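S.K.: Input structure: final_10.cif, which contains mmCIF, C-alpha atoms and all ligand atoms.
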data_query
loop_
_atom_site.label_atom_id
_atom_site.label_comp_id
_atom_site.auth_asym_id
_atom_site.auth_seq_id
_atom_site.Cartn_x
_atom_site.Cartn_y
_atom_site.Cartn_z
CA MET A 1 132.20 199.52 74.80
CA LYS A 2 132.04 199.59 78.60
CA ILE A 3 128.43 199.99 79.76
CA VAL A 4 127.07 200.48 83.27
CA THR A 5 123.43 199.28 83.38
CA ILE A 6 121.11 200.32 86.20
CA VAL A 7 118.20 198.13 87.34
CA GLY A 8 116.19 198.24 90.55
CA ALA A 9 112.52 197.35 90.10
CA ARG A 10 110.80 194.14 88.95
CA PRO A 11 110.06 195.12 85.33
CA GLN A 12 113.68 196.23 84.90
CA PHE A 13 114.98 192.78 85.80
CA ILE A 14 112.77 191.35 83.05
CA LYS A 15 114.03 193.95 80.54
CA ALA A 16 117.64 193.28 81.59
CA ALA A 17 117.07 189.53 81.15
CA ALA A 18 116.28 190.18 77.49
CA VAL A 19 119.04 192.73 76.85
CA SER A 20 122.03 191.62 78.94
CA ARG A 21 122.15 188.20 77.28
CA ILE A 22 122.62 189.88 73.89
CA ILE A 23 124.73 192.96 74.58
CA ARG A 24 127.30 190.92 76.52
CA ASN A 25 128.27 189.21 73.25
CA LYS A 26 129.74 192.52 72.06
CA HIS A 27 130.09 194.83 75.04
CA ASN A 28 131.47 194.83 78.57
CA GLU A 29 128.46 195.30 80.87
CA ILE A 30 128.57 196.16 84.57
CA LEU A 31 125.20 195.60 86.24
CA VAL A 32 124.12 197.81 89.16
CA HIS A 33 121.06 196.87 91.25
CA THR A 34 119.84 199.89 93.22
CA GLY A 35 117.91 197.70 95.68
CA GLN A 36 114.61 199.54 95.04
CA HIS A 37 112.93 196.12 95.03
CA TYR A 38 114.43 193.63 97.45
CA ASP A 39 111.89 190.96 98.53
CA LYS A 40 112.90 187.53 97.27
CA ASN A 41 109.87 187.29 95.00
CA MET A 42 110.33 190.88 93.73
CA SER A 43 114.03 190.51 92.90
CA ASP A 44 116.10 187.32 93.45
CA ILE A 45 113.58 185.02 91.82
CA PHE A 46 114.03 186.82 88.48
CA PHE A 47 117.83 186.70 88.57
CA LYS A 48 117.68 182.99 89.36
CA GLU A 49 114.90 181.80 87.07
CA MET A 50 115.68 184.05 84.08
CA HIS A 51 119.47 183.54 84.34
CA ILE A 52 120.18 187.25 84.63
CA PRO A 53 123.86 187.89 85.40
CA LYS A 54 124.48 188.57 89.08
CA PRO A 55 124.70 192.33 89.75
CA ASP A 56 128.26 193.62 90.16
CA PHE A 57 126.99 196.14 92.72
CA ASN A 58 123.88 196.29 94.91
CA LEU A 59 123.22 199.67 96.53
CA GLU A 60 120.49 198.21 98.79
CA VAL A 61 118.64 201.53 99.00
CA GLY A 62 115.32 199.86 99.94
CA SER A 63 111.99 201.67 100.27
CA ASP A 64 111.63 205.34 101.23
CA SER A 65 109.97 208.56 100.08
CA HIS A 66 110.63 209.54 96.45
CA ALA A 67 113.24 212.17 97.37
CA ARG A 68 115.10 210.09 99.93
CA GLN A 69 115.10 206.94 97.80
CA THR A 70 116.23 208.78 94.65
CA ALA A 71 118.90 210.71 96.58
CA ALA A 72 120.39 207.51 98.04
CA MET A 73 120.55 206.01 94.56
CA LEU A 74 122.13 209.15 93.08
CA ALA A 75 124.96 209.14 95.59
CA GLY A 76 125.63 205.41 95.17
CA ILE A 77 125.49 205.44 91.37
CA GLU A 78 127.75 208.49 91.09
CA GLU A 79 130.43 206.75 93.11
CA ILE A 80 130.31 203.67 90.86
CA LEU A 81 130.37 205.77 87.68
CA ILE A 82 133.40 207.75 88.83
CA ASP A 83 135.18 204.55 89.79
CA GLN A 84 134.24 202.56 86.65
CA ASN A 85 134.41 205.42 84.13
CA PRO A 86 132.15 203.70 81.54
CA ASP A 87 131.57 204.82 77.94
CA LEU A 88 127.82 204.72 78.48
CA LEU A 89 125.12 204.36 81.12
CA MET A 90 122.02 202.34 80.24
CA VAL A 91 118.67 202.68 82.00
CA TYR A 92 115.27 201.05 81.48
CA GLY A 93 111.76 202.42 81.74
CA ASP A 94 110.48 205.00 84.18
CA THR A 95 111.16 204.18 87.80
CA ASN A 96 113.08 206.16 90.41
CA SER A 97 116.08 203.91 89.61
CA THR A 98 115.86 205.08 85.97
CA LEU A 99 115.90 208.77 86.85
CA ALA A 100 118.64 208.41 89.47
CA GLY A 101 120.90 206.59 86.99
CA ALA A 102 120.31 209.14 84.23
CA LEU A 103 120.80 212.15 86.47
CA ALA A 104 123.99 210.81 88.06
CA ALA A 105 125.51 210.09 84.62
CA SER A 106 124.37 213.36 83.03
CA LYS A 107 126.05 215.52 85.69
CA ILE A 108 129.42 213.94 85.00
CA ASN A 109 128.93 213.89 81.22
CA ILE A 110 128.57 210.15 80.70
CA PRO A 111 126.28 209.52 77.70
CA ILE A 112 122.97 207.82 78.48
CA ALA A 113 121.01 205.15 76.59
CA HIS A 114 117.35 205.06 77.58
CA VAL A 115 115.56 201.82 76.73
CA GLU A 116 111.78 202.36 76.48
CA ALA A 117 112.18 206.03 75.57
CA GLY A 118 109.33 208.22 74.34
CA LEU A 119 106.43 206.67 76.22
CA ARG A 120 103.92 209.19 77.55
CA SER A 121 100.71 209.03 79.56
CA PHE A 122 100.39 212.86 79.43
CA ASN A 123 99.60 212.72 83.14
CA MET A 124 102.32 214.65 84.96
CA ARG A 125 100.92 213.59 88.34
CA MET A 126 102.39 210.12 87.75
CA PRO A 127 105.92 209.70 89.14
CA GLU A 128 106.64 207.50 86.11
CA GLU A 129 105.75 210.32 83.66
CA GLN A 130 108.10 212.71 85.48
CA ASN A 131 110.89 210.10 85.48
CA ARG A 132 110.59 209.25 81.79
CA ILE A 133 110.33 212.85 80.51
CA LEU A 134 113.38 213.93 82.52
CA THR A 135 115.37 210.85 81.46
CA ASP A 136 114.54 211.31 77.77
CA ARG A 137 115.62 214.95 77.94
CA ILE A 138 119.17 214.04 79.00
CA SER A 139 119.67 210.83 76.97
CA SER A 140 121.90 210.45 73.89
CA TYR A 141 120.41 207.17 72.66
CA LEU A 142 116.62 206.99 72.84
CA PHE A 143 115.57 203.41 72.13
CA CYS A 144 111.83 203.58 71.51
CA PRO A 145 109.59 200.50 71.67
CA THR A 146 106.98 201.81 69.19
CA ASP A 147 106.34 204.37 66.44
CA THR A 148 104.03 206.18 68.87
CA ALA A 149 107.00 206.74 71.18
CA VAL A 150 109.07 208.17 68.29
CA VAL A 151 106.25 210.62 67.49
CA ASN A 152 105.92 211.62 71.16
CA LEU A 153 109.63 212.54 71.21
CA ARG A 154 109.37 214.41 67.90
CA ASN A 155 106.51 216.45 69.36
CA GLU A 156 108.86 217.47 72.16
CA GLY A 157 111.57 218.44 69.65
CA ILE A 158 113.71 215.33 70.33
CA THR A 159 114.83 213.68 67.06
CA LYS A 160 118.57 213.04 67.45
CA GLY A 161 119.61 209.56 68.62
CA VAL A 162 116.01 208.30 68.38
CA TYR A 163 115.50 204.70 67.13
CA ASN A 164 112.43 202.49 67.08
CA VAL A 165 114.01 199.14 67.97
CA GLY A 166 110.85 197.40 69.20
CA ASP A 167 110.00 196.47 72.75
CA VAL A 168 112.52 194.53 74.84
CA MET A 169 109.64 193.08 76.90
CA CYS A 170 108.37 191.51 73.68
CA ASP A 171 111.82 189.89 73.32
CA ALA A 172 111.38 188.47 76.82
CA VAL A 173 107.88 187.11 76.17
CA LEU A 174 108.90 185.40 72.94
CA PHE A 175 112.09 183.96 74.45
CA TYR A 176 110.64 182.67 77.74
CA LYS A 177 107.26 181.53 76.34
CA LYS A 178 109.02 178.53 74.82
CA GLU A 179 110.09 177.47 78.34
CA LEU A 180 106.45 177.04 79.40
CA GLU A 181 106.23 173.79 77.44
CA LYS A 182 108.65 172.18 79.89
CA TYR A 183 106.16 172.35 82.76
CA SER A 184 102.71 170.95 83.53
CA PRO A 185 99.87 173.23 84.77
CA ASP A 186 100.17 171.54 88.19
CA TYR A 187 103.69 172.88 88.46
CA PHE A 188 102.49 176.50 88.28
CA PHE A 189 99.40 176.01 90.45
CA SER A 190 101.39 174.19 93.15
CA ARG A 191 103.86 177.07 93.31
CA LEU A 192 101.15 179.64 94.16
CA ASP A 193 101.86 180.92 97.66
CA VAL A 194 98.37 181.75 98.94
CA LEU A 195 98.31 184.79 101.23
CA PHE A 196 95.02 184.31 103.06
CA GLY A 197 91.67 182.61 102.67
CA GLN A 198 90.68 179.14 101.58
CA VAL A 199 89.87 179.60 97.91
CA GLU A 200 90.10 176.37 95.95
CA ILE A 201 92.71 176.63 93.21
CA PRO A 202 90.72 177.27 90.02
CA ARG A 203 91.49 175.99 86.51
CA LYS A 204 89.31 178.62 84.84
CA TYR A 205 90.13 182.08 86.10
CA TYR A 206 90.76 185.75 85.55
CA MET A 207 94.13 187.11 86.53
CA ALA A 208 94.55 190.45 88.34
CA THR A 209 97.42 192.66 89.51
CA ILE A 210 97.22 196.18 90.99
CA HIS A 211 100.08 198.33 92.24
CA ARG A 212 99.98 201.85 90.74
CA ALA A 213 100.14 204.75 93.18
CA GLU A 214 97.02 206.21 91.52
CA ASN A 215 95.01 203.11 92.57
CA THR A 216 96.69 202.41 95.91
CA ASP A 217 96.65 205.97 97.28
CA ASP A 218 93.01 205.58 98.38
CA ILE A 219 91.71 202.41 100.03
CA ASN A 220 88.25 203.07 98.57
CA LYS A 221 89.63 202.49 95.07
CA ILE A 222 91.05 199.11 96.13
CA ARG A 223 87.73 198.34 97.88
CA GLU A 224 85.90 198.98 94.58
CA ILE A 225 88.37 196.89 92.60
CA LEU A 226 88.07 193.94 95.01
CA LYS A 227 84.27 194.28 95.02
CA ALA A 228 84.38 193.89 91.24
CA LEU A 229 86.70 190.86 91.36
CA GLU A 230 84.46 189.28 94.01
CA GLY A 231 81.45 189.80 91.70
CA LEU A 232 82.93 188.13 88.59
CA ASP A 233 81.55 184.86 87.19
CA GLU A 234 84.84 182.92 87.63
CA LYS A 235 87.55 182.90 90.26
CA VAL A 236 90.37 185.48 90.16
CA ILE A 237 94.05 184.76 90.75
CA PHE A 238 95.60 187.90 92.24
CA PRO A 239 99.39 187.96 92.90
CA VAL A 240 99.62 190.92 95.27
CA HIS A 241 102.39 193.54 94.88
CA PRO A 242 103.91 194.50 98.28
CA ARG A 243 102.62 198.08 97.93
CA THR A 244 99.06 196.73 97.71
CA LYS A 245 99.36 194.00 100.34
CA PRO A 246 98.47 195.99 103.52
CA LEU A 247 95.38 197.46 101.83
CA VAL A 248 94.21 194.10 100.56
CA LYS A 249 94.83 192.50 103.97
CA SER A 250 92.71 195.03 105.85
CA LEU A 251 89.88 194.73 103.29
CA TYR A 252 90.07 190.92 103.40
CA ASP A 253 89.67 191.03 107.18
CA GLU A 254 86.46 193.07 106.70
CA ASN A 255 84.98 191.25 103.72
CA ASN A 256 86.26 187.65 103.62
CA TYR A 257 86.30 187.56 99.85
CA GLU A 258 85.58 184.07 98.48
CA ASN A 259 86.09 184.58 94.75
CA ILE A 260 89.65 185.94 94.89
CA LEU A 261 92.79 183.88 95.37
CA PHE A 262 95.29 186.31 96.92
CA ALA A 263 98.86 185.10 96.39
CA GLU A 264 102.41 186.33 96.84
CA PRO A 265 103.96 187.84 93.67
CA VAL A 266 105.00 185.09 91.27
CA GLY A 267 108.03 184.50 89.04
CA TYR A 268 108.10 185.52 85.39
CA LEU A 269 107.38 182.11 83.86
CA ASP A 270 104.47 181.64 86.26
CA MET A 271 103.15 185.05 85.25
CA LEU A 272 103.37 184.16 81.56
CA TYR A 273 101.58 180.87 82.28
CA PHE A 274 98.74 182.56 84.19
CA THR A 275 98.44 185.30 81.55
CA VAL A 276 98.27 182.91 78.58
CA ASN A 277 95.63 180.80 80.28
CA ALA A 278 93.46 183.46 81.94
CA ILE A 279 89.99 184.27 80.54
CA LYS A 280 90.98 187.93 80.82
CA VAL A 281 93.55 190.01 82.67
CA ILE A 282 92.61 192.90 84.96
CA THR A 283 95.58 195.11 85.78
CA ASP A 284 97.17 198.53 86.07
CA SER A 285 100.63 197.22 85.15
CA GLY A 286 102.37 198.59 82.07
CA GLY A 287 104.23 195.39 81.31
CA ILE A 288 101.25 193.09 81.80
CA GLN A 289 99.06 195.08 79.35
CA LYS A 290 101.58 194.33 76.61
CA GLU A 291 102.16 190.73 77.63
CA ALA A 292 98.39 190.15 77.49
CA TYR A 293 98.34 191.73 74.01
CA ILE A 294 101.21 189.62 72.72
CA LEU A 295 99.74 186.44 74.26
CA ASN A 296 96.18 187.08 72.95
CA THR A 297 94.52 187.43 76.34
CA PRO A 298 92.04 190.35 76.52
CA CYS A 299 92.92 192.94 79.14
CA VAL A 300 90.98 195.47 81.23
CA THR A 301 93.28 198.23 82.52
CA ILE A 302 92.21 200.16 85.59
CA ARG A 303 93.74 203.49 84.62
CA ASP A 304 92.67 206.73 82.94
CA GLN A 305 95.46 206.55 80.34
CA THR A 306 97.86 204.01 78.92
CA GLU A 307 101.28 204.54 77.36
CA TRP A 308 100.69 201.37 75.31
CA VAL A 309 97.94 202.88 73.13
CA GLU A 310 98.33 200.23 70.39
CA THR A 311 96.80 197.63 72.73
CA LEU A 312 93.52 199.57 72.69
CA ILE A 313 92.98 198.95 68.95
CA GLY A 314 90.46 196.13 68.48
CA ASN A 315 89.65 196.15 72.21
CA HIS A 316 92.58 193.89 73.10
CA ASN A 317 92.80 196.24 76.04
CA ILE A 318 90.22 198.65 77.44
CA LEU A 319 90.61 201.40 80.04
CA CYS A 320 88.40 201.38 83.08
CA LYS A 321 87.69 203.41 86.25
CA PRO A 322 88.37 201.97 89.72
CA ASP A 323 84.62 201.47 89.97
CA SER A 324 83.08 198.03 90.56
CA GLN A 325 80.22 198.49 88.06
CA ASP A 326 82.54 199.77 85.31
CA ILE A 327 85.02 196.94 85.87
CA ILE A 328 82.38 194.18 85.86
CA HIS A 329 80.66 195.68 82.81
CA LYS A 330 83.90 195.93 80.81
CA VAL A 331 85.21 192.50 81.85
CA LYS A 332 81.91 190.85 80.86
CA ASN A 333 80.96 192.79 77.75
CA THR A 334 84.13 193.82 75.89
CA LYS A 335 84.57 191.86 72.67
CA THR A 336 88.05 191.67 71.15
CA ASP A 337 88.55 191.96 67.39
CA TYR A 338 91.57 189.85 66.36
CA SER A 339 91.19 190.47 62.61
CA ASN A 340 93.64 193.38 62.34
CA LYS A 341 96.08 192.48 65.09
CA LYS A 342 99.62 193.74 64.36
CA ASN A 343 103.14 193.25 65.77
CA TYR A 344 103.36 196.78 67.15
CA TYR A 345 105.99 195.68 69.68
CA GLY A 346 108.45 194.11 67.25
CA ASN A 347 109.63 190.59 66.52
CA GLY A 348 111.71 189.79 69.56
CA ASP A 349 114.94 191.33 68.23
CA ALA A 350 114.93 194.67 70.07
CA ALA A 351 117.99 193.73 72.14
CA SER A 352 120.00 192.77 69.03
CA LYS A 353 119.12 196.11 67.42
CA ILE A 354 120.17 197.99 70.57
CA SER A 355 123.45 196.10 70.73
CA ALA A 356 124.20 196.80 67.06
CA LEU A 357 123.33 200.52 67.32
CA LEU A 358 125.57 200.97 70.34
C1 LIG A 401 107.85 201.00 91.31
C2 LIG A 401 107.86 202.06 90.22
C3 LIG A 401 106.72 201.79 89.25
C4 LIG A 401 106.74 200.36 88.73
C5 LIG A 401 106.82 199.38 89.89
C6 LIG A 401 107.00 197.99 89.36
C7 LIG A 401 108.71 204.25 90.95
C8 LIG A 401 108.34 205.63 91.33
N1 LIG A 401 107.69 203.39 90.77
O1 LIG A 401 106.64 201.15 92.03
O2 LIG A 401 106.83 202.67 88.14
O3 LIG A 401 105.57 200.14 88.00
O4 LIG A 401 107.94 199.71 90.74
O5 LIG A 401 106.63 197.02 90.27
O6 LIG A 401 109.87 203.95 90.82
N2 LIG A 401 107.97 197.03 98.80
C9 LIG A 401 108.28 195.90 99.52
N3 LIG A 401 109.22 195.07 99.01
C10 LIG A 401 109.87 195.29 97.85
C11 LIG A 401 109.56 196.44 97.13
C12 LIG A 401 108.61 197.31 97.62
O7 LIG A 401 107.71 195.65 100.58
O8 LIG A 401 110.73 194.46 97.45
C13 LIG A 401 106.89 197.92 99.31
C14 LIG A 401 107.39 199.01 100.25
O9 LIG A 401 106.42 199.21 101.21
C15 LIG A 401 107.45 200.23 99.33
C16 LIG A 401 106.29 199.97 98.37
O10 LIG A 401 106.26 198.56 98.18
O11 LIG A 401 107.31 201.43 100.03
C17 LIG A 401 106.45 200.66 97.02
O12 LIG A 401 107.71 200.32 96.43
P1 LIG A 401 108.42 201.35 95.42
O13 LIG A 401 109.58 200.70 94.80
O14 LIG A 401 108.61 202.65 96.09
O15 LIG A 401 107.31 201.60 94.33
P2 LIG A 401 106.47 200.55 93.49
O16 LIG A 401 105.02 200.74 93.80
O17 LIG A 401 107.04 199.20 93.61
N1 LIG A 402 105.28 190.12 86.98
C1 LIG A 402 105.75 188.95 87.56
N2 LIG A 402 105.14 188.50 88.69
C2 LIG A 402 104.10 189.13 89.28
C3 LIG A 402 103.62 190.33 88.67
C4 LIG A 402 104.26 190.80 87.55
O1 LIG A 402 106.68 188.34 87.04
O2 LIG A 402 103.60 188.66 90.31
C5 LIG A 402 105.95 190.62 85.78
C6 LIG A 402 105.03 190.84 84.60
O3 LIG A 402 104.86 189.63 83.88
C7 LIG A 402 105.74 191.92 83.81
C8 LIG A 402 106.38 192.76 84.89
O4 LIG A 402 106.46 191.93 86.06
O5 LIG A 402 106.75 191.38 82.99
C9 LIG A 402 105.56 193.98 85.17
O6 LIG A 402 105.99 194.58 86.33
P1 LIG A 402 105.06 195.50 87.22
O7 LIG A 402 103.64 195.20 86.96
O8 LIG A 402 105.57 195.38 88.59
O9 LIG A 402 105.47 196.96 86.72
P2 LIG A 402 105.09 197.88 85.47
O10 LIG A 402 105.26 197.11 84.22
O11 LIG A 402 103.69 198.37 85.68
O12 LIG A 402 106.03 199.02 85.61
#
Starting from the coordinates I provided, produce the structure as structure tokens.
M.R.:
Amino acid sequence: MKIVTIVGARPQFIKAAAVSRIIRNKHNEILVHTGQHYDKNMSDIFFKEMHIPKPDFNLEVGSDSHARQTAAMLAGIEEILIDQNPDLLMVYGDTNSTLAGALAASKINIPIAHVEAGLRSFNMRMPEEQNRILTDRISSYLFCPTDTAVVNLRNEGITKGVYNVGDVMCDAVLFYKKELEKYSPDYFFSRLDVLFGQVEIPRKYYMATIHRAENTDDINKIREILKALEGLDEKVIFPVHPRTKPLVKSLYDENNYENILFAEPVGYLDMLYFTVNAIKVITDSGGIQKEAYILNTPCVTIRDQTEWVETLIGNHNILCKPDSQDIIHKVKNTKTDYSNKKNYYGNGDAASKISALL
């Protein structure tokens, strides 16, 4: 089968790393990078360090408003689809690159496989919720990561082509975790590219990431989050997403935080290392909530909802307001119950199941 796969944002490179390796044993895959993420440490580093095949096309759309960015992708993807005439288009997750790929294929009747189908936050204000609902509606193969996702689709009347294959990000964690043994802790700490400040590199730490529009659309929310991190009992390693960087910079200039190590975004292996070894993770990332769950690191998620509801069972993950008191309270006082922990995200064979089903 000839498949055109669309990627564009950081988590999609990680998903493609897990899937491309497997589906290329059976299928002919053409990889299209939309260029939604383009900084070296948001894009190239993953292709290099995770041995993802080089994209056959890069549309280099860059950053723009939702409409302009999605429109540029639509035009570029349509041209490639008409030229390549694949049997199938594959998209991952819920970004603007996902929706653009699905919409371009749907209009010219190319069947769509959506990996990570059926996830819902039930918050239509999120661009991700809009992207995933629209993509699911026009997909022929809906590869769900969990039973919850299958039920969400059923509740919307979507039952045809729906398969729970497990989570491809779980495949990636289990595959790349083994690589960590090759490196010493010094290797990961020495690679941290500190953004500003003079914080000593800690060996006992929390790890934080923040990038969601709902947290970055108001500097007061970031102020509260940083106030909480500054008030924690151990240092915090914070690889800063480019969306968050200008906000963090202006607050750092005002407050000279001393408990937070602000760093450039890190590579995937580094992220796994820091997640495994953190006391707890504080994040609003979808992928990191699951990685923390799989790697047994408790997580505090600064969001009102999560799509990964299984992580909440046993307090492996707990939701939290962007409020310094709430964050500190939940980081300090949440106790995790490991006694009933389950493999909700599969056994690391999601990509093989996808390849076989196709
Ligand atoms: C996007 C996804 C989000 C996903 C996230 C993963 C959408 C609507 N959102 O959000 O679901 O969780 O990726 O990280 O698709 N920027 C750079 N360099 C880069 C990339 C971005 O400087 O390489 C800056 C630009 O100022 C840009 C901003 O980050 O405007 C936001 O980037 P964008 O891709 O629009 O959204 P993300 O917040 O990354
Ligand atoms: N990640 C990374 N380096 C970082 C931050 C995140 O490699 O500095 C990885 C993380 O381990 C996870 C994925 O990127 O696999 C999550 O992406 P992100 O948080 O950008 O998006 P989301 O999952 O929220 O859509």
S.K.: Measuring atom to atom with only C-alpha atoms and all ligand atoms, identify which of A:Gln325, A:Thr275, A:Asn259, A:Thr216 is nearest to ligand LIG 402 (chain A).
M.R.: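 Once distances to ligand LIG 402 (chain A) are computed over only C-alpha atoms and all ligand atoms, the minimum belongs to A:Thr275.
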S.K.: If the limit is 8 Å from any atom of ligand LIG 401 (chain A), counting all atoms listed in the file, which residues qualify? Return them as a ChimeraX atom specification.
M.R.: /A:9-11,36-43,62-66,69,94-98,127-128,131,211-213,241-244,285-286
S.K.: Out of A:Lys280, A:Lys290, A:Lys204, A:Lys227, which residue has the shortest atom-to-atom distance to ligand LIG 402 (chain A) when counting only C-alpha atoms and all ligand atoms?
M.R.: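 Result for the nearest residue to ligand LIG 402 (chain A): A:Lys290.
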S.K.: Could you please extract the residues within 7 Å of ligand LIG 402 (chain A), counting all atoms listed in the file, and hand them back as an NGL selection string?
M.R.: :A and (10-11 or 14 or 169 or 209 or 239-241 or 265-268 or 271-272 or 284-288 or 291)
S.K.: Write out as a ChimeraX atom specification each polymer residue whose atoms come within 12 Å of Arg203 in chain A, counting all atoms listed in the file; drop sequence neighbours fewer than 4 positions from it.
M.R.: /A:185-186,188-189,207,234-237,261,273-274,277-279
S.K.: So which one's closest to Asp147 in chain A, A:Tyr345, A:Phe13, A:Phe47, A:Phe238? Using all atoms listed in the file, please.
M.R.: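 For Asp147 in chain A, the nearest of the candidates is A:Tyr345.
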S.K.: Residues around (109.1, 190.3, 73.4), cut-off 9 Å, counting all atoms listed in the file - what are they as a ChimeraX atom specification?
M.R.: /A:18,166-176,291,294,345-350
S.K.: At a cut-off of 10 Å, using all atoms listed in the file, what residues contact Asp253 in chain A? Leave out same-chain residues fewer than 4 positions from it and give the result as a list in words.
M.R.: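 Once the nearby chain positions are removed, what remains is Phe196, Gly197, Val248, Lys249 and Tyr257 of chain A.
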S.K.: Just checking: using all atoms listed in the file, which residue out of A:Leu247, A:Met124, A:Leu88, A:Leu269 ends up closest to Glu49 in chain A?
M.R.: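 Distance minimum relative to Glu49 in chain A lands on A:Leu269.
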S.K.: Using all atoms listed in the file, find the one residue out of A:Asn85, A:Thr34, A:Thr148, A:Thr135 that sits nearest to Leu59 in chain A.
M.R.: A:Thr34
S.K.: Kindly indicate which residue among A:Ile110, A:Leu99, A:Val276, A:Ile313 lies nearest to Asn340 in chain A, using all atoms listed in the file for the distances.
M.R.: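 Looking only at the distances to Asn340 in chain A, the closest residue turns out to be A:Ile313.
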S.K.: Excluding Ile77 in chain A and residues on its chain fewer than 3 positions from it, collect all residues at most 9 Å away from it, counting all atoms listed in the file, and give them as a list in words.
M.R.: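 In the requested form, the answer reads Ile6, Val32, Thr34, Leu59, Ala72, Met73, Leu74, Ile80, Leu81, Ile82, Ala100, Gly101, Ala104 and Ala105 of chain A.
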